[in-house]
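Since the structure comes first, as C-alpha cells, the remarks are kept for the end.
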2 protein chains.
Amino acid sequence: MNERKRQVLLTAQRLFINKGFSTTSVQDILDESRISKGTFYNYFSSKNECLIAILEHARNEASVRRRELLIGQDLSDKNILIEQISIRMHVNREQNLLPIYEAVFHSGDDDLKTFIKNMFLAEFSWLSKRLVDVYGKEVAPHAADCAVMFFGMMQQLLHVWSAVSKEEIDTSKLVSFVMRKIDSIISGMIDANDIFLHEDVFHKLNSDQGEEMETKAQLLERLTGFLELLGEETRPAAKQYVQFLLDELRTECPRVFVLESVVRSFREAFVGLSHEPEAHELAYKVWSYVDSKG
Amino acid sequence: MNERKRQVLLTAQRLFINKGFSTTSVQDILDESRISKGTFYNYFSSKNECLIAILEHARNEASVRRRELLIGQDLSDKNILIEQISIRMHVNREQNLLPIYEAVFHSGDDDLKTFIKNMFLAEFSWLSKRLVDVYGKEVAPHAADCAVMFFGMMQQLLHVWSAVSKEEIDTSKLVSFVMRKIDSIISGMIDANDIFLHEDVFHKLNSDQGEEMETKAQLLERLTGFLELLGEETRPAAKQYVQFLLDELRTECPRVFVLESVVRSFREAFVGLSHEPEAHELAYKVWSYVDSKG
DNA sequence: CATTTTTTGGACTATCGGTATAATATATTC
DNA sequence: GAATATATTATACCGATAGTCCAAAAAATG
C-alpha cells in the first residue's frame, strides 16, 4: 500500500471519528488530505470502500494484539480472555468505530452490509471458541448463545453508559462485569440443556467468509520482498527477525511456538520505524498462517 | 390528525419497512401516496419528522397493549412481564422498526437522535420498574443493569438469528430464554452486591423527557370533543364508554380500576370503526393520566 | 531524454432534502 | 350561491451529495 494512500486513509479515519461517516463528505476528505478527487477515486472505488479499508485495518490491529496475548499462556486462563476482549473494545474506542459499525450496518450498500455482518459473525465465532477454551468442552453446545449474549450485554451497557454519563468508561471493569454474568449463566444452561441458537451457527461462516488464506509460497514471497525493501538504514537487529522467520517457515515442520515468539518481536522491532505498517501487515499474515496450521 | 395525513403516514411506513429509511426518498413517498411535495411538507416539516410520527405511533400502540395486559393481574407475575416484552417485539417486528431505530440512531439529525435515545431509555426505565415488580424490591439496585442486559441479549440474539436463519423467530421463546438468564444472574448480583450502572440512571430521564403530560382539564376537553365528533351512525354502545369515562374522570377521586377496565373496552369498541385512530389516541392519553395518578 | 504512471482540477450527471410560489381545487361561512 | 379561507398541486429552484470523465500537468521510471 502506497504511503500517500495510507495518509489519506488516516485522514479519512480521523474525519469519520470526529464527524461521523455519513456526515463526512468525500470533499471533506479531499480538502483535509490535500488530494484531488481523481486521486481519491484512484485509491478507493467508493467512499464505502474507503471505510472498509479502515475497518479492515482496525480488525487486523486487534487480531494481532489478541494473538500475541496468548503466547506461552494457558488457553483456559479467564483473565487472558478478559484482556483479549478488552483489546477489541480499546481499538474500537480509540478509533470510535462502534458508531460507525452500527450506522453503516443498515445502510443501502450491500457490500458494506455484508462486510460488517461478517465482521460481527467472525467475532462471535472467535468468542465461542475461546469460551470453550476457558469453560471446558461441556459448554460447547451453549457457546454460541453465550458469545452473542456477551456482546449484547456489553454493547448495550456501553451505549447506556455513554448516553447518561460524561465519565470515560472503565473498559476492563465492564468486561469483567459481563464475564461474571456469563459465569452465573453457564451452569444453569448446562443443567437445563437450555439452548437457543444452534451450536454450529458460525461454522458455515468460517469456511466461506474467511479472508482468502495465503499459501505458504505467497507468504514466503512477501517476506523476501519485504527483506529486499529494507534499506541499509534499517537496523540489522530488525532485519534478522525477517530472515529467521523465512528460514523457520522454509523448514519442513516450522515450530509454532518459535514463530509465535519471533513474529511478536519482529513486529515490535518495527514500531516507530518507517516500515511499521508493512511489518504489521506481515505479522498479521504470519499469524493467520500459523493459526491455520495449528 | 387528518385522514389523508394518516394515509401518507402508512404509506411512508410501508416504504421505510420495505426499502429502509435512508434509501427511501421523499419522492418515493410522494409517488406512492399520490400527493405533491407541497402537501408532504405541509404535513411534516421534514422527512425525519415523518419518521418520528411513525415511531411515536408504534410506541403508543405497544404502550396501550402492555397496560391492558396488566388489568386485574398480579404485578409480580413473571409470565405477564414476558408477554409485555413480547408485545413490543411483535410491534417492532410487524412494523420492522428495529433496523430503523438503529439506522437512525447515529444519523446526522440531532432531533432524531435524541428522540430515539429517549425512546430506548424510557424502555429501559420501564423494564427496570417491572423487574422490581417481579423479583422484589431487593433487586432495585441491580434493576438498571438487568434491564439493559436484557435488551442487549435479546437484540443481539435477534440479530444473529435473522442473519443466519431463514425461519421466522419464535418471539416468546426468545423472551423466555433471556428471562431465564436474568433468573440465573440476579441472585449472584445481589449476593455479591455487583453493580455496574447506578441505580438511578434513568430517573432524570423520567422527569424531563416524559412527553408533556396533559392536565385533567385538557383530557376532559379532548373527550368531550371526541364525543361531539361522533355522528349518529356510531353505535350508542360505543359512545356510552366515552360518556362514562367523562363522568368518572369528573368525580373528585376517579376509581383507577374502573377506568382501567372501561378504557380498554372503549378502545376495543372502536376497533374497525372509522374513528379507531382517534379512540386509540385517547386511550393512550387516559392511560398516561391514570399512570401519573396511580 | 523518453516513456509510463500518477495526480490534478474542473466540468458534468443524477439524486437528494428542502424552499418558494403562483395557480387551482376544496371547504367553510355568510 | 357567492365570498372567503384553507388545502393541494405542479413546477422551478437551491445547495449539497457521490460518483464519472477527461485532458493536461507532474512525477517517477528506464
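Chain lettering (A, B, ...) mirrors the order of the C-alpha cells, residue numbering begins at 1 for each chain separately, and ligand numbering begins at 1 in order of display.
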### Selection: 6 Å around region 176-187 of chain B, only C-alpha atoms (C1' of nucleotides), excl. self and same-chain fewer than 5 positions, as a PyMOL selection string
chain A and resi 181+184-185
Kindly save the residues from that selection, with N, CA, C and O atoms included, as a JSON list (two decimals), in the first residue's frame.
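Below is the file again39.json, written as the result:
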[["chain", "number", "residue", "atom", "x", "y", "z"],
["A", 181, "LYS", "N", -21.37, -12.33, 34.69],
["A", 181, "LYS", "CA", -22.75, -12.71, 34.36],
["A", 181, "LYS", "C", -22.75, -14.02, 33.58],
["A", 181, "LYS", "O", -23.62, -14.88, 33.78],
["A", 184, "SER", "N", -22.44, -16.82, 35.89],
["A", 184, "SER", "CA", -23.70, -17.17, 36.53],
["A", 184, "SER", "C", -24.61, -17.95, 35.60],
["A", 184, "SER", "O", -25.35, -18.83, 36.03],
["A", 185, "ILE", "N", -24.55, -17.62, 34.35],
["A", 185, "ILE", "CA", -25.50, -18.20, 33.39],
["A", 185, "ILE", "C", -25.15, -19.64, 33.03],
["A", 185, "ILE", "O", -26.02, -20.51, 32.93]]
### Task
Can you check which residues of chain C have any atom within 12 Å of chain B? Use only C-alpha atoms (C1' of nucleotides) and format it as a PyMOL selection string.
chain C and resi 15-21
### Query
What does the distance from C1' of DT13 (chain C) to C1' of DC21 (chain D) come to in Å, to one decimal?
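Straight-line distance from C1' of DT13 (chain C) to C1' of DC21 (chain D) works out to 10.4 Å.
CA of Ala283 (chain A) to CA of Val263 (chain A) spans 6.1 Å [interatomic distance, one decimal].
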### Task
Skip region 153-160 of chain B itself and residues of its chain fewer than 2 positions away, then list as JSON, numbers by chain all residues within 8 Å of it, counting only C-alpha atoms (C1' of nucleotides).
{"A": [121, 145, 148, 149, 150, 151, 152, 153], "B": [149, 150, 151, 162, 163, 164, 169, 174, 175, 178]}
### Task
Please measure the separation of CA of Leu259 (chain B) and CA of Tyr135 (chain B), giving the value in Å to one decimal.
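For CA of Leu259 (chain B) relative to CA of Tyr135 (chain B), the distance reads 27.3 Å.
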### Message
I need the residues in region 124-211 of chain B that are alpha helix (DSSP H) according to DSSP; give them as a PyMOL selection string.
### Response
chain B and resi 124-135+140-164+171-192+203-209
Determine, counting only C-alpha atoms (C1' of nucleotides), which protein, DNA and RNA residues have an atom within 9 Å of an atom of DT29 (chain D); residues of the same chain fewer than 3 positions away are not included. Present the result as an mmCIF file with N, CA, C and O atoms (P, O5', C5', C4', C3', O3' and C1' of nucleotides), in the first residue's frame.
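The result, stored in selection07.cif:
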data_model
loop_
_atom_site.group_PDB
_atom_site.id
_atom_site.type_symbol
_atom_site.label_atom_id
_atom_site.label_comp_id
_atom_site.auth_asym_id
_atom_site.auth_seq_id
_atom_site.Cartn_x
_atom_site.Cartn_y
_atom_site.Cartn_z
ATOM 1 P P DT C 3 9.324 7.942 -26.623
ATOM 2 O "O5'" DT C 3 8.697 7.021 -25.485
ATOM 3 C "C5'" DT C 3 9.491 5.993 -24.886
ATOM 4 C "C4'" DT C 3 8.865 5.547 -23.577
ATOM 5 C "C3'" DT C 3 7.339 5.466 -23.600
ATOM 6 O "O3'" DT C 3 6.939 4.218 -23.085
ATOM 7 C "C1'" DT C 3 8.062 6.690 -21.726
ATOM 8 P P DT C 4 5.445 3.712 -23.255
ATOM 9 O "O5'" DT C 4 5.044 3.572 -21.704
ATOM 10 C "C5'" DT C 4 5.980 3.012 -20.785
ATOM 11 C "C4'" DT C 4 5.598 3.393 -19.368
ATOM 12 C "C3'" DT C 4 4.103 3.277 -19.070
ATOM 13 O "O3'" DT C 4 3.937 2.535 -17.879
ATOM 14 C "C1'" DT C 4 4.911 5.368 -18.363
ATOM 15 P P DT C 5 2.527 1.953 -17.442
ATOM 16 O "O5'" DT C 5 2.296 2.719 -16.066
ATOM 17 C "C5'" DT C 5 3.357 2.800 -15.118
ATOM 18 C "C4'" DT C 5 3.098 3.922 -14.147
ATOM 19 C "C3'" DT C 5 1.665 3.952 -13.604
ATOM 20 O "O3'" DT C 5 1.708 3.886 -12.193
ATOM 21 C "C1'" DT C 5 2.363 6.116 -14.305
#
Find the nearest atom pair between each residue of chain D and chain A for residues within 9 Å, count only C-alpha atoms (C1' of nucleotides), give distances in Å to one decimal, sort rows by chain and ascending number, and present the table as a Markdown table.
| residue | atom | partner | partner_atom | distance |
| --- | --- | --- | --- | --- |
| D:DT17 | C1' | A:Ser25 | CA | 7.6 |
| D:DA18 | C1' | A:Val26 | CA | 7.8 |
| D:DG19 | C1' | A:Ser46 | CA | 7.8 |
### Task
Within 9 Å of region 70-86 of chain A, counting only C-alpha atoms (C1' of nucleotides), which residues show up once you throw out same-chain ones fewer than 2 positions away? Write them as a list of chain:residue names, please.
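Result of the neighbour search: A:Ala62, A:Arg65, A:Arg66, A:Arg67, A:Glu68, A:Arg88, A:Met89, A:His90, A:Val91, A:Leu127, A:Arg130, A:Leu131, A:Val132, A:Asp133, A:Val134, A:Tyr135, A:Gly136, A:Thr171, A:Ser172, A:Leu174, A:Val175, A:Ser176, A:Met179, A:Phe257, A:Glu260, A:Ser261.
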Would you save the residues of that selection, restricted to C-alpha atoms, as a PDB file, in the first residue's frame?
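The resulting again14.pdb:
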ATOM      1  CA  ALA A  62      -6.976  -6.069  17.241  1.00  0.00           C
ATOM      2  CA  ARG A  65      -2.601  -7.910  19.608  1.00  0.00           C
ATOM      3  CA  ARG A  66      -5.019 -10.580  20.735  1.00  0.00           C
ATOM      4  CA  ARG A  67      -2.908 -13.400  19.424  1.00  0.00           C
ATOM      5  CA  GLU A  68       0.215 -12.008  20.989  1.00  0.00           C
ATOM      6  CA  ARG A  88     -11.112  -5.055  20.822  1.00  0.00           C
ATOM      7  CA  MET A  89     -13.004  -2.587  22.925  1.00  0.00           C
ATOM      8  CA  HIS A  90      -9.974  -0.384  23.195  1.00  0.00           C
ATOM      9  CA  VAL A  91      -9.313  -0.421  19.489  1.00  0.00           C
ATOM     10  CA  LEU A 127     -15.508 -15.741  21.254  1.00  0.00           C
ATOM     11  CA  ARG A 130     -12.493 -19.027  23.399  1.00  0.00           C
ATOM     12  CA  LEU A 131     -15.367 -19.646  25.778  1.00  0.00           C
ATOM     13  CA  VAL A 132     -14.946 -23.353  25.183  1.00  0.00           C
ATOM     14  CA  ASP A 133     -11.228 -22.933  25.869  1.00  0.00           C
ATOM     15  CA  VAL A 134     -11.965 -21.286  29.197  1.00  0.00           C
ATOM     16  CA  TYR A 135     -15.054 -23.097  30.447  1.00  0.00           C
ATOM     17  CA  GLY A 136     -14.379 -26.540  29.059  1.00  0.00           C
ATOM     18  CA  THR A 171     -13.281  -0.960  29.902  1.00  0.00           C
ATOM     19  CA  SER A 172     -11.920  -3.842  31.921  1.00  0.00           C
ATOM     20  CA  LEU A 174     -17.197  -3.598  32.088  1.00  0.00           C
ATOM     21  CA  VAL A 175     -15.719  -6.730  30.547  1.00  0.00           C
ATOM     22  CA  SER A 176     -15.186  -8.329  33.943  1.00  0.00           C
ATOM     23  CA  MET A 179     -17.899 -12.095  32.314  1.00  0.00           C
ATOM     24  CA  PHE A 257       5.942 -21.692  19.465  1.00  0.00           C
ATOM     25  CA  GLU A 260       4.808 -17.035  17.754  1.00  0.00           C
ATOM     26  CA  SER A 261       7.583 -15.529  19.795  1.00  0.00           C
TER      27      SER A 261
END
Residues of chain D that approach region 23-27 of chain C to 8 Å or less, counting only C-alpha atoms (C1' of nucleotides): could you list each one with the shortest pair of atoms and its distance in Å to one decimal, rows by chain and increasing residue number, as a Markdown table?
| residue | atom | partner | partner_atom | distance |
| --- | --- | --- | --- | --- |
| D:DT6 | C1' | C:DA27 | C1' | 7.3 |
| D:DA7 | C1' | C:DT26 | C1' | 7.1 |
| D:DT8 | C1' | C:DA25 | C1' | 7.0 |
| D:DT9 | C1' | C:DT24 | C1' | 7.1 |
### Message
Considering only C-alpha atoms (C1' of nucleotides), can you say which of C:DC12, C:DC30, C:DC1, C:DT6 comes closest to DC22 (chain D)?
### Response
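Of all the options, C:DC12 lies closest to DC22 (chain D).
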## Note on the structure
Across B:Ala58, B:Val139, B:Ala192, B:Ala12, the smallest distance to chain A, with only C-alpha atoms counted, is shown by B:Ala192
